[in-house]
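structure.cif follows; it contains mmCIF, C-alpha atoms.
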data_structure
#
loop_
_atom_site.label_atom_id
_atom_site.label_comp_id
_atom_site.auth_asym_id
_atom_site.auth_seq_id
_atom_site.Cartn_x
_atom_site.Cartn_y
_atom_site.Cartn_z
CA MET A 294 -35.10 150.31 173.13
CA VAL A 295 -33.45 148.35 170.39
CA ILE A 296 -35.26 146.00 168.10
CA GLU A 297 -34.22 143.25 165.74
CA ILE A 298 -36.78 141.75 163.40
CA ILE A 299 -35.55 138.46 162.00
CA THR A 300 -37.21 136.19 159.46
CA PRO A 301 -35.85 132.88 158.20
CA ASP A 302 -34.87 134.57 154.95
CA ASN A 303 -33.21 137.71 156.23
CA LEU A 304 -32.81 140.38 158.84
CA LEU A 305 -35.73 142.66 158.20
CA TYR A 306 -35.05 145.59 160.43
CA LYS A 307 -32.74 146.70 163.18
CA GLY A 308 -32.95 150.00 164.99
CA HIS A 309 -34.04 152.12 167.91
CA ILE A 310 -37.72 152.40 168.57
CA ASP A 311 -40.04 154.14 170.97
CA SER A 312 -42.82 151.61 171.13
CA ILE A 313 -44.14 148.51 169.44
CA THR A 314 -47.54 146.89 169.16
CA LEU A 315 -47.66 143.15 168.60
CA PRO A 316 -50.41 140.65 167.79
CA GLY A 317 -50.20 138.26 170.76
CA VAL A 318 -51.99 134.95 170.78
CA ASP A 319 -54.31 136.24 173.50
CA GLY A 320 -54.77 139.63 171.93
CA SER A 321 -52.75 142.55 170.76
CA PHE A 322 -50.39 144.22 173.22
CA GLY A 323 -47.97 147.11 173.22
CA MET A 324 -44.61 147.71 174.77
CA TRP A 325 -42.59 150.75 175.74
CA ASP A 326 -39.11 151.20 177.10
CA ASN A 327 -38.10 149.23 180.19
CA HIS A 328 -40.59 146.49 179.67
CA ALA A 329 -40.21 143.46 181.93
CA PRO A 330 -38.59 140.41 180.30
CA ILE A 331 -41.19 138.52 178.34
CA ILE A 332 -41.44 135.68 175.87
CA SER A 333 -44.63 135.58 173.94
CA ALA A 334 -46.08 133.69 171.01
CA LEU A 335 -47.59 135.80 168.27
CA THR A 336 -50.34 135.16 165.82
CA LYS A 337 -51.20 136.44 162.36
CA GLY A 338 -51.64 140.18 162.47
CA LYS A 339 -50.13 143.63 162.26
CA VAL A 340 -46.97 144.83 163.95
CA LYS A 341 -46.82 148.56 164.54
CA ILE A 342 -43.57 150.26 165.31
CA LYS A 343 -42.88 153.83 166.32
CA GLN A 344 -39.27 154.71 165.69
CA ALA A 345 -37.25 156.77 168.09
CA SER A 346 -37.50 160.18 166.50
CA SER A 347 -34.02 161.41 167.37
CA LYS A 348 -31.94 158.43 166.30
CA ASN A 349 -33.26 156.95 163.12
CA SER A 350 -30.25 154.75 162.74
CA SER A 351 -31.92 151.87 161.01
CA TYR A 352 -28.99 150.34 159.26
CA ASP A 353 -29.26 147.21 157.24
CA GLU A 354 -26.91 144.44 156.35
CA PHE A 355 -28.79 142.42 153.82
CA SER A 356 -32.02 143.59 152.27
CA GLY A 357 -31.36 147.26 151.90
CA ASP A 358 -34.24 148.26 149.68
CA PHE A 359 -37.02 146.61 151.64
CA LEU A 360 -35.71 148.07 154.85
CA ALA A 361 -35.71 151.56 153.46
CA ASP A 362 -39.20 150.91 152.21
CA ILE A 363 -40.85 149.99 155.48
CA ALA A 364 -38.82 152.37 157.60
CA LYS A 365 -39.67 155.46 155.60
CA ASP A 366 -41.90 157.07 158.16
CA GLU A 367 -41.48 157.66 161.81
CA SER A 368 -43.97 154.92 162.47
CA PHE A 369 -44.66 152.00 160.21
CA GLU A 370 -46.49 148.72 160.27
CA PHE A 371 -46.34 145.40 158.54
CA ASP A 372 -48.05 142.02 158.62
CA ILE A 373 -46.70 138.83 160.07
CA ASN A 374 -48.04 135.30 159.91
CA GLY A 375 -47.01 134.45 163.42
CA GLY A 376 -43.83 134.38 165.39
CA VAL A 377 -42.24 134.81 168.77
CA VAL A 378 -41.00 137.82 170.60
CA GLU A 379 -38.43 137.97 173.35
CA VAL A 380 -37.73 141.07 175.40
CA GLN A 381 -34.81 141.41 177.74
CA ASN A 382 -32.91 144.45 178.95
CA ASN A 383 -34.62 146.78 176.52
CA LYS A 384 -33.71 144.55 173.61
CA VAL A 385 -36.57 143.21 171.56
CA THR A 386 -36.03 140.21 169.33
CA LEU A 387 -38.91 139.49 167.01
CA LEU A 388 -38.79 136.23 165.14
CA ALA A 389 -41.39 136.67 162.45
CA ASN A 390 -42.72 134.43 159.72
CA MET B 111 -1.67 107.08 112.79
CA ALA B 112 -5.21 108.40 112.62
CA ASN B 113 -5.87 110.67 109.75
CA LEU B 114 -5.74 114.43 110.08
CA LYS B 115 -9.42 115.20 109.66
CA GLU B 116 -10.42 112.71 112.33
CA ILE B 117 -8.09 114.27 114.89
CA ARG B 118 -9.18 117.77 113.96
CA ASN B 119 -12.82 116.83 114.58
CA ARG B 120 -12.01 115.40 117.97
CA ILE B 121 -10.09 118.51 118.97
CA THR B 122 -13.07 120.68 118.06
CA SER B 123 -15.46 118.53 120.04
CA VAL B 124 -13.23 118.46 123.11
CA ALA B 125 -12.80 122.22 122.90
CA SER B 126 -16.54 122.83 122.81
CA THR B 127 -17.12 120.44 125.71
CA MET B 128 -14.50 122.36 127.61
CA GLN B 129 -16.35 125.56 126.96
CA ILE B 130 -19.52 124.08 128.38
CA THR B 131 -17.90 122.66 131.49
CA SER B 132 -16.04 125.83 132.28
CA ALA B 133 -19.21 127.88 131.79
CA MET B 134 -21.08 125.54 134.14
CA LYS B 135 -18.32 125.96 136.65
CA MET B 136 -18.69 129.74 136.52
CA VAL B 137 -22.46 129.53 136.91
CA SER B 138 -22.16 127.21 139.88
CA ALA B 139 -19.58 129.46 141.51
CA ALA B 140 -21.96 132.39 141.27
CA LYS B 141 -24.91 130.39 142.57
CA LEU B 142 -22.81 128.98 145.36
CA LYS B 143 -22.15 132.47 146.61
CA LYS B 144 -25.87 133.16 146.71
CA ALA B 145 -26.63 129.87 148.43
CA GLN B 146 -24.02 130.56 151.07
CA ASP B 147 -25.57 133.96 151.70
CA GLY B 148 -28.87 132.21 152.26
CA ILE B 149 -27.31 130.05 154.95
CA THR B 150 -25.71 133.00 156.70
CA GLN B 151 -28.94 134.96 156.62
CA MET B 152 -30.91 132.16 158.16
CA ARG B 153 -28.45 131.56 160.94
CA PRO B 154 -29.53 134.38 163.32
CA TYR B 155 -33.11 133.19 163.13
CA SER B 156 -32.38 129.56 163.85
CA GLU B 157 -29.92 130.39 166.60
CA LYS B 158 -32.31 132.70 168.39
CA LEU B 159 -35.15 130.24 168.02
CA GLN B 160 -33.00 127.47 169.43
CA GLU B 161 -31.97 129.68 172.31
CA ILE B 162 -35.51 130.52 173.28
CA LEU B 163 -36.61 126.94 172.85
CA SER B 164 -33.88 125.43 174.99
CA ASN B 165 -34.54 128.14 177.54
CA LEU B 166 -38.11 126.93 177.75
CA THR B 167 -37.71 123.20 177.46
CA SER B 168 -34.98 122.87 180.07
CA SER B 169 -37.61 123.38 182.73
CA LEU B 170 -40.35 121.34 181.10
CA ASP B 171 -40.95 117.65 180.85
CA MET B 172 -40.91 117.06 177.12
CA SER B 173 -41.81 113.40 177.05
CA GLU B 174 -45.48 114.31 177.05
CA ASN B 175 -45.17 116.46 173.99
CA GLN B 176 -46.86 115.25 170.86
CA TYR B 177 -43.68 115.71 168.83
CA SER B 178 -41.35 113.80 171.09
CA GLN B 179 -43.10 110.52 171.74
CA ASN B 180 -40.71 107.66 171.26
CA ARG B 181 -42.94 105.01 169.84
CA GLU B 182 -41.81 101.57 168.84
CA VAL B 183 -40.24 102.10 165.43
CA LYS B 184 -42.14 100.25 162.75
CA ASN B 185 -42.72 102.75 159.98
CA VAL B 186 -39.92 105.05 158.94
CA LEU B 187 -39.97 107.85 156.43
CA ILE B 188 -36.74 109.04 154.92
CA VAL B 189 -36.62 112.46 153.31
CA ALA B 190 -33.80 112.25 150.80
CA VAL B 191 -32.66 115.73 149.86
CA THR B 192 -30.96 115.74 146.48
CA SER B 193 -30.70 118.10 143.54
CA ASN B 194 -32.90 118.35 140.50
CA ARG B 195 -30.00 118.19 138.11
CA GLY B 196 -27.02 115.99 137.59
CA LEU B 197 -23.43 116.69 136.58
CA CYS B 198 -22.34 117.26 140.13
CA GLY B 199 -20.13 114.29 140.86
CA ALA B 200 -21.12 111.86 143.59
CA PHE B 201 -23.40 114.41 145.24
CA ASN B 202 -26.69 112.63 144.64
CA ASN B 203 -25.22 109.17 144.68
CA ASN B 204 -23.98 109.62 148.21
CA ILE B 205 -27.47 110.36 149.46
CA ILE B 206 -29.00 107.45 147.59
CA LYS B 207 -26.25 105.16 148.78
CA SER B 208 -26.74 106.04 152.41
CA THR B 209 -30.50 105.71 152.05
CA ASN B 210 -30.07 102.24 150.61
CA GLN B 211 -27.65 101.43 153.39
CA TYR B 212 -30.23 102.43 155.98
CA ILE B 213 -32.87 100.24 154.34
CA LYS B 214 -30.44 97.33 154.32
CA ASP B 215 -29.37 97.83 157.92
CA ASN B 216 -32.90 97.98 159.31
CA PRO B 217 -34.79 95.06 157.84
CA GLY B 218 -37.30 95.10 160.70
CA GLU B 219 -38.58 98.54 159.81
CA LYS B 220 -40.93 99.41 157.03
CA VAL B 221 -39.08 102.21 155.30
CA GLN B 222 -40.52 104.65 152.83
CA VAL B 223 -38.55 107.26 150.94
CA ILE B 224 -39.68 110.65 149.76
CA GLY B 225 -37.40 112.54 147.43
CA LEU B 226 -36.89 116.24 147.86
CA GLY B 227 -35.29 116.80 144.49
CA LYS B 228 -35.68 115.07 141.18
CA LYS B 229 -32.69 112.76 141.43
CA ALA B 230 -33.93 110.99 144.54
CA GLN B 231 -37.39 110.73 143.06
CA ASP B 232 -36.01 109.13 139.92
CA ALA B 233 -34.00 106.69 141.97
CA TYR B 234 -36.95 105.47 144.04
CA LYS B 235 -39.91 105.94 141.74
CA ARG B 236 -39.81 102.37 140.57
CA THR B 237 -39.16 100.75 143.94
CA ASP B 238 -41.54 99.62 146.66
CA PHE B 239 -40.10 102.18 149.02
CA TYR B 240 -41.42 105.21 147.22
CA HIS B 241 -43.80 107.30 149.30
CA THR B 242 -46.65 108.44 147.11
CA ASP B 243 -49.08 110.12 149.48
CA TYR B 244 -47.67 113.61 149.23
CA SER B 245 -49.24 115.20 146.21
CA GLU B 246 -47.28 118.43 145.81
CA ASP B 247 -44.34 118.54 143.45
CA LEU B 248 -41.29 118.65 145.65
CA THR B 249 -38.90 119.45 142.83
CA LYS B 250 -40.35 122.95 142.68
CA VAL B 251 -38.74 123.83 146.00
CA TYR B 252 -35.53 124.56 144.16
CA ASP B 253 -37.11 127.00 141.74
CA ASP B 254 -37.33 129.57 144.48
CA ILE B 255 -35.86 128.62 147.81
CA LYS B 256 -37.91 130.36 150.41
CA PHE B 257 -39.09 129.47 153.85
CA GLU B 258 -42.73 129.59 152.83
CA ASN B 259 -42.17 127.05 150.09
CA ILE B 260 -40.87 124.48 152.51
CA GLU B 261 -43.44 125.12 155.23
CA ASP B 262 -46.22 123.01 153.75
CA PHE B 263 -44.01 120.02 153.40
CA GLY B 264 -42.84 120.43 156.98
CA GLU B 265 -46.41 120.55 158.16
CA TYR B 266 -47.22 117.43 156.18
CA LEU B 267 -44.36 115.58 157.86
CA MET B 268 -45.46 116.69 161.32
CA GLU B 269 -49.05 115.76 160.57
CA SER B 270 -48.16 112.25 159.45
CA TYR B 271 -46.02 111.79 162.53
CA LYS B 272 -48.84 112.91 164.79
CA GLU B 273 -51.26 110.57 163.07
CA ALA B 274 -48.75 107.78 163.71
CA LYS B 275 -48.36 106.99 160.03
CA PHE B 276 -44.67 107.04 160.75
CA ASP B 277 -42.86 106.47 164.01
CA LYS B 278 -39.66 108.06 162.90
CA ILE B 279 -38.79 110.57 160.21
CA LEU B 280 -35.23 111.03 159.03
CA VAL B 281 -33.69 113.64 156.80
CA PHE B 282 -30.71 112.68 154.64
CA TYR B 283 -28.88 115.58 153.09
CA ASN B 284 -25.47 116.89 152.15
CA ARG B 285 -24.16 119.35 154.65
CA PHE B 286 -22.10 122.14 153.25
CA LYS B 287 -18.64 122.21 154.73
CA ASN B 288 -16.78 124.03 152.01
CA ALA B 289 -16.98 124.23 148.25
CA ALA B 290 -15.09 120.97 147.81
CA THR B 291 -16.43 118.98 150.76
CA GLN B 292 -19.93 117.80 151.50
CA ILE B 293 -20.81 115.66 154.45
CA VAL B 294 -23.75 113.29 154.22
CA MET B 295 -25.92 113.87 157.25
CA ASN B 296 -28.56 111.52 158.64
CA GLU B 297 -30.62 113.70 160.87
CA GLN B 298 -33.56 112.66 162.95
CA PHE B 299 -36.44 114.98 162.21
CA LEU B 300 -39.12 113.43 164.39
CA PRO B 301 -39.50 112.55 167.22
CA VAL B 302 -37.74 115.57 168.58
CA GLU B 303 -34.70 114.69 170.61
CA GLN B 304 -34.50 116.81 173.67
CA ALA B 305 -31.43 118.94 173.48
CA GLU B 306 -29.23 118.65 176.49
CA SER B 307 -28.65 122.13 177.74
CA GLU B 308 -25.06 121.96 178.90
CA GLU B 309 -24.76 125.61 179.57
CA LYS B 310 -27.16 126.85 182.16
CA THR B 311 -28.96 129.57 180.32
CA THR B 312 -29.45 132.58 182.49
CA THR B 313 -33.17 132.55 182.77
CA ALA B 314 -34.28 136.00 183.61
CA ASP B 315 -37.70 136.06 185.18
CA TYR B 316 -39.60 136.00 181.98
CA ILE B 317 -43.27 136.61 181.70
CA PHE B 318 -44.72 133.91 179.52
CA GLU B 319 -47.71 134.70 177.46
CA PRO B 320 -49.61 132.43 177.00
CA SER B 321 -48.27 129.61 179.21
CA LYS B 322 -44.88 128.02 178.74
CA GLU B 323 -46.40 124.85 177.35
CA GLU B 324 -48.38 126.69 174.73
CA ILE B 325 -45.36 128.66 173.59
CA VAL B 326 -43.38 125.45 173.28
CA ASP B 327 -46.18 123.96 171.21
CA GLU B 328 -45.92 126.98 168.94
CA LEU B 329 -42.18 126.90 168.76
CA ILE B 330 -41.47 123.25 168.07
CA PRO B 331 -43.14 123.21 164.64
CA LYS B 332 -41.27 126.39 163.81
CA SER B 333 -37.97 124.93 164.81
CA LEU B 334 -38.71 121.76 162.86
CA LYS B 335 -39.49 123.75 159.75
CA THR B 336 -36.33 125.71 160.26
CA GLN B 337 -34.41 122.46 160.51
CA LEU B 338 -35.91 121.29 157.24
CA TYR B 339 -35.25 124.61 155.59
CA LYS B 340 -31.67 124.48 156.75
CA ALA B 341 -31.27 121.03 155.23
CA VAL B 342 -32.54 122.33 151.90
CA LEU B 343 -30.28 125.36 151.97
CA ASP B 344 -27.29 123.26 152.91
CA SER B 345 -28.05 120.82 150.15
CA TRP B 346 -28.46 123.65 147.66
CA ALA B 347 -25.09 125.11 148.57
CA SER B 348 -23.48 121.67 148.55
CA GLU B 349 -24.90 120.94 145.13
CA HIS B 350 -23.26 123.97 143.65
CA GLY B 351 -20.03 123.27 145.48
CA ALA B 352 -20.06 119.72 144.17
CA ARG B 353 -20.88 120.83 140.65
CA MET B 354 -18.17 123.45 140.73
CA THR B 355 -15.58 120.87 141.73
CA ALA B 356 -16.85 118.32 139.22
CA MET B 357 -16.83 120.83 136.40
CA HIS B 358 -13.41 122.08 137.37
CA LYS B 359 -12.07 118.55 137.10
CA ALA B 360 -13.86 118.02 133.81
CA THR B 361 -12.33 121.19 132.41
CA ASP B 362 -8.88 120.10 133.52
CA ASN B 363 -9.34 116.67 131.95
CA ALA B 364 -10.57 118.18 128.71
CA ASP B 365 -7.57 120.47 128.67
CA ALA B 366 -5.17 117.54 129.07
CA LEU B 367 -6.96 115.59 126.37
CA LYS B 368 -6.86 118.54 124.05
CA LYS B 369 -3.11 118.95 124.52
CA GLU B 370 -2.55 115.29 123.76
CA LEU B 371 -4.68 115.44 120.64
CA THR B 372 -2.97 118.59 119.41
CA LEU B 373 0.39 116.89 119.78
CA SER B 374 -0.64 113.88 117.74
CA TYR B 375 -2.31 116.18 115.21
CA ASN B 376 0.95 118.08 114.72
CA LYS B 377 2.91 114.86 114.44
CA ALA B 378 0.54 113.57 111.80
CA ARG B 379 0.71 116.87 109.95
CA GLN B 380 4.50 116.83 109.99
CA ALA B 381 4.58 113.27 108.74
CA ALA B 382 2.24 114.21 105.92
CA ILE B 383 4.45 117.14 104.89
CA THR B 384 7.59 115.01 104.97
CA ASN B 385 5.84 112.47 102.81
CA GLU B 386 4.86 115.11 100.32
CA ILE B 387 8.38 116.52 100.07
CA LEU B 388 9.76 113.05 99.56
CA GLU B 389 7.32 112.49 96.75
CA ILE B 390 8.20 115.78 95.05
CA VAL B 391 11.92 115.19 95.40
CA GLY B 392 11.47 111.68 94.12
CA GLY B 393 9.46 112.95 91.14
CA ALA B 394 12.09 115.63 90.31
CA GLU B 395 14.85 113.05 90.54
CA ALA B 396 13.00 110.86 88.06
CA LEU B 397 12.61 113.75 85.58
CA ASN B 398 16.33 114.65 85.77
CA ASN B 399 17.38 111.17 84.86
#

Would you put the structure from the file into structure tokens?
Amino acid sequence: MVIEIITPDNLLYKGHIDSITLPGVDGSFGMWDNHAPIISALTKGKVKIKQASSKNSSYDEFSGDFLADIAKDESFEFDINGGVVEVQNNKVTLLAN
Amino acid sequence: MANLKEIRNRITSVASTMQITSAMKMVSAAKLKKAQDGITQMRPYSEKLQEILSNLTSSLDMSENQYSQNREVKNVLIVAVTSNRGLCGAFNNNIIKSTNQYIKDNPGEKVQVIGLGKKAQDAYKRTDFYHTDYSEDLTKVYDDIKFENIEDFGEYLMESYKEAKFDKILVFYNRFKNAATQIVMNEQFLPVEQAESEEKTTTADYIFEPSKEEIVDELIPKSLKTQLYKAVLDSWASEHGARMTAMHKATDNADALKKELTLSYNKARQAAITNEILEIVGGAEALNN
């Protein structure tokens, strides 16, 4: 599935991933391919992402260096202060703060 | 005709002013580019947020929400977004003018003004309208324009609306249209006006976690902060656009003035030389006789 991580200041990451773990308001939850459409509020916590091993096509438009930094490994994680996630048709949009 | 030295001094001073104004123009042009980038980078976030929010609210009754209660308007807070620095034409004046206009037009409301930016603060510091309860220094926002830096202020505004300190909160700022044009915007910050969803958003059968209402409660403060942040970014870009235009005009004016002065300097110089020759010729004539 494809993911876009957007913050108010920039586009943090865009690429193909295998799975993602998110800090939901009612507890952490994970998602794989073909997840049902969902909108969920997130709380402060860690986001873990496992990149699709074959196609590491994480291109960036804006903040090149940071993107390269967090996307170094096959799986990476980072902290958010809250946000919202929307999943539809294998497209994940994560609005993070 | 003014004497030579006087004109020469004026030419030097105009030339150095010109140097300053054209340097300021360059600086503003560079900063404008950065400010515009900031706006473009924020756009995907605010658009997506708006999309999700309108998706949710179209099926909910929003009148119950704590951020959209239309109370009788008695106390109004105006957030006047201006710059910290001057030399940018009518940029700050326009905001202050429209704030004053609002105060004049609504005598029944008790209006308070809070300045986001030094110029608005200076304008209202000595009036009865100045809102003094917010302790943080709002001029610092412009030192480093980031979402986090505006969040606290947004929360403060929401808090004071919830506590019914104010029944209406407005944001006055310059919207960036292009480098030469700014539009003064009077936006209602709170209560939230329910957006009319003209286009029926294709609501896939979403799972909502937690409930719809709770997500909306999470999202509205976010979208409000985004709105505030957008106002600041727009104002920041407008400021540099306005300064660029103002400094461009100043440079042009200085150039014209300099040309004029150089002309009269040369005329004066020529006259002085002619005088001198006449004196020499006259002196030689006298010797010959």

Using all atoms listed in the file for the distances, tell me which of A:Met324, A:Val385, A:Ile373, A:Val318 is nearest to Thr300 in chain A.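 Comparing A:Met324, A:Val385, A:Ile373, A:Val318 against Thr300 in chain A, the winner is A:Ile373.
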
Nearby residues (all atoms listed in the file) at most 7 Å from range 371-377 of chain B, same-chain spacing under 3 positions excluded, as a ChimeraX atom specification: /B:114,117,121,367-368,380-381

Please identify all polymer residues within 10 Å of Ala360 in chain B, counting only C-alpha atoms, omitting same-chain residues fewer than 6 positions from it, and present them as a list in words.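 Contacts, with the query itself left out: Thr127, Met128, Ile130, Thr131, Ser132, Lys135, Met354 and Ala366 of chain B.
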
Can you check which residues of chain A have any atom within 12 Å of chain B? Use only C-alpha atoms and format it as a ChimeraX atom specification. /A:297-305,316-322,328-336,354-356,374-382,385-390

Name every residue that the PyMOL selection byres ((chain A and resi 325) around 8) selects in this structure, writing the answer as JSON, numbers by chain with chains first and numbers rising. {"A": [294, 311, 312, 313, 323, 324, 326, 327, 328]}

Selected residues written out, C-alpha atoms, as a CSV table (one decimal), in the frame of the given file:
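Okay, part-v6.csv is ready:
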chain,number,residue,atom,x,y,z
A,294,MET,CA,-35.1,150.3,173.1
A,311,ASP,CA,-40.0,154.1,171.0
A,312,SER,CA,-42.8,151.6,171.1
A,313,ILE,CA,-44.1,148.5,169.4
A,323,GLY,CA,-48.0,147.1,173.2
A,324,MET,CA,-44.6,147.7,174.8
A,326,ASP,CA,-39.1,151.2,177.1
A,327,ASN,CA,-38.1,149.2,180.2
A,328,HIS,CA,-40.6,146.5,179.7
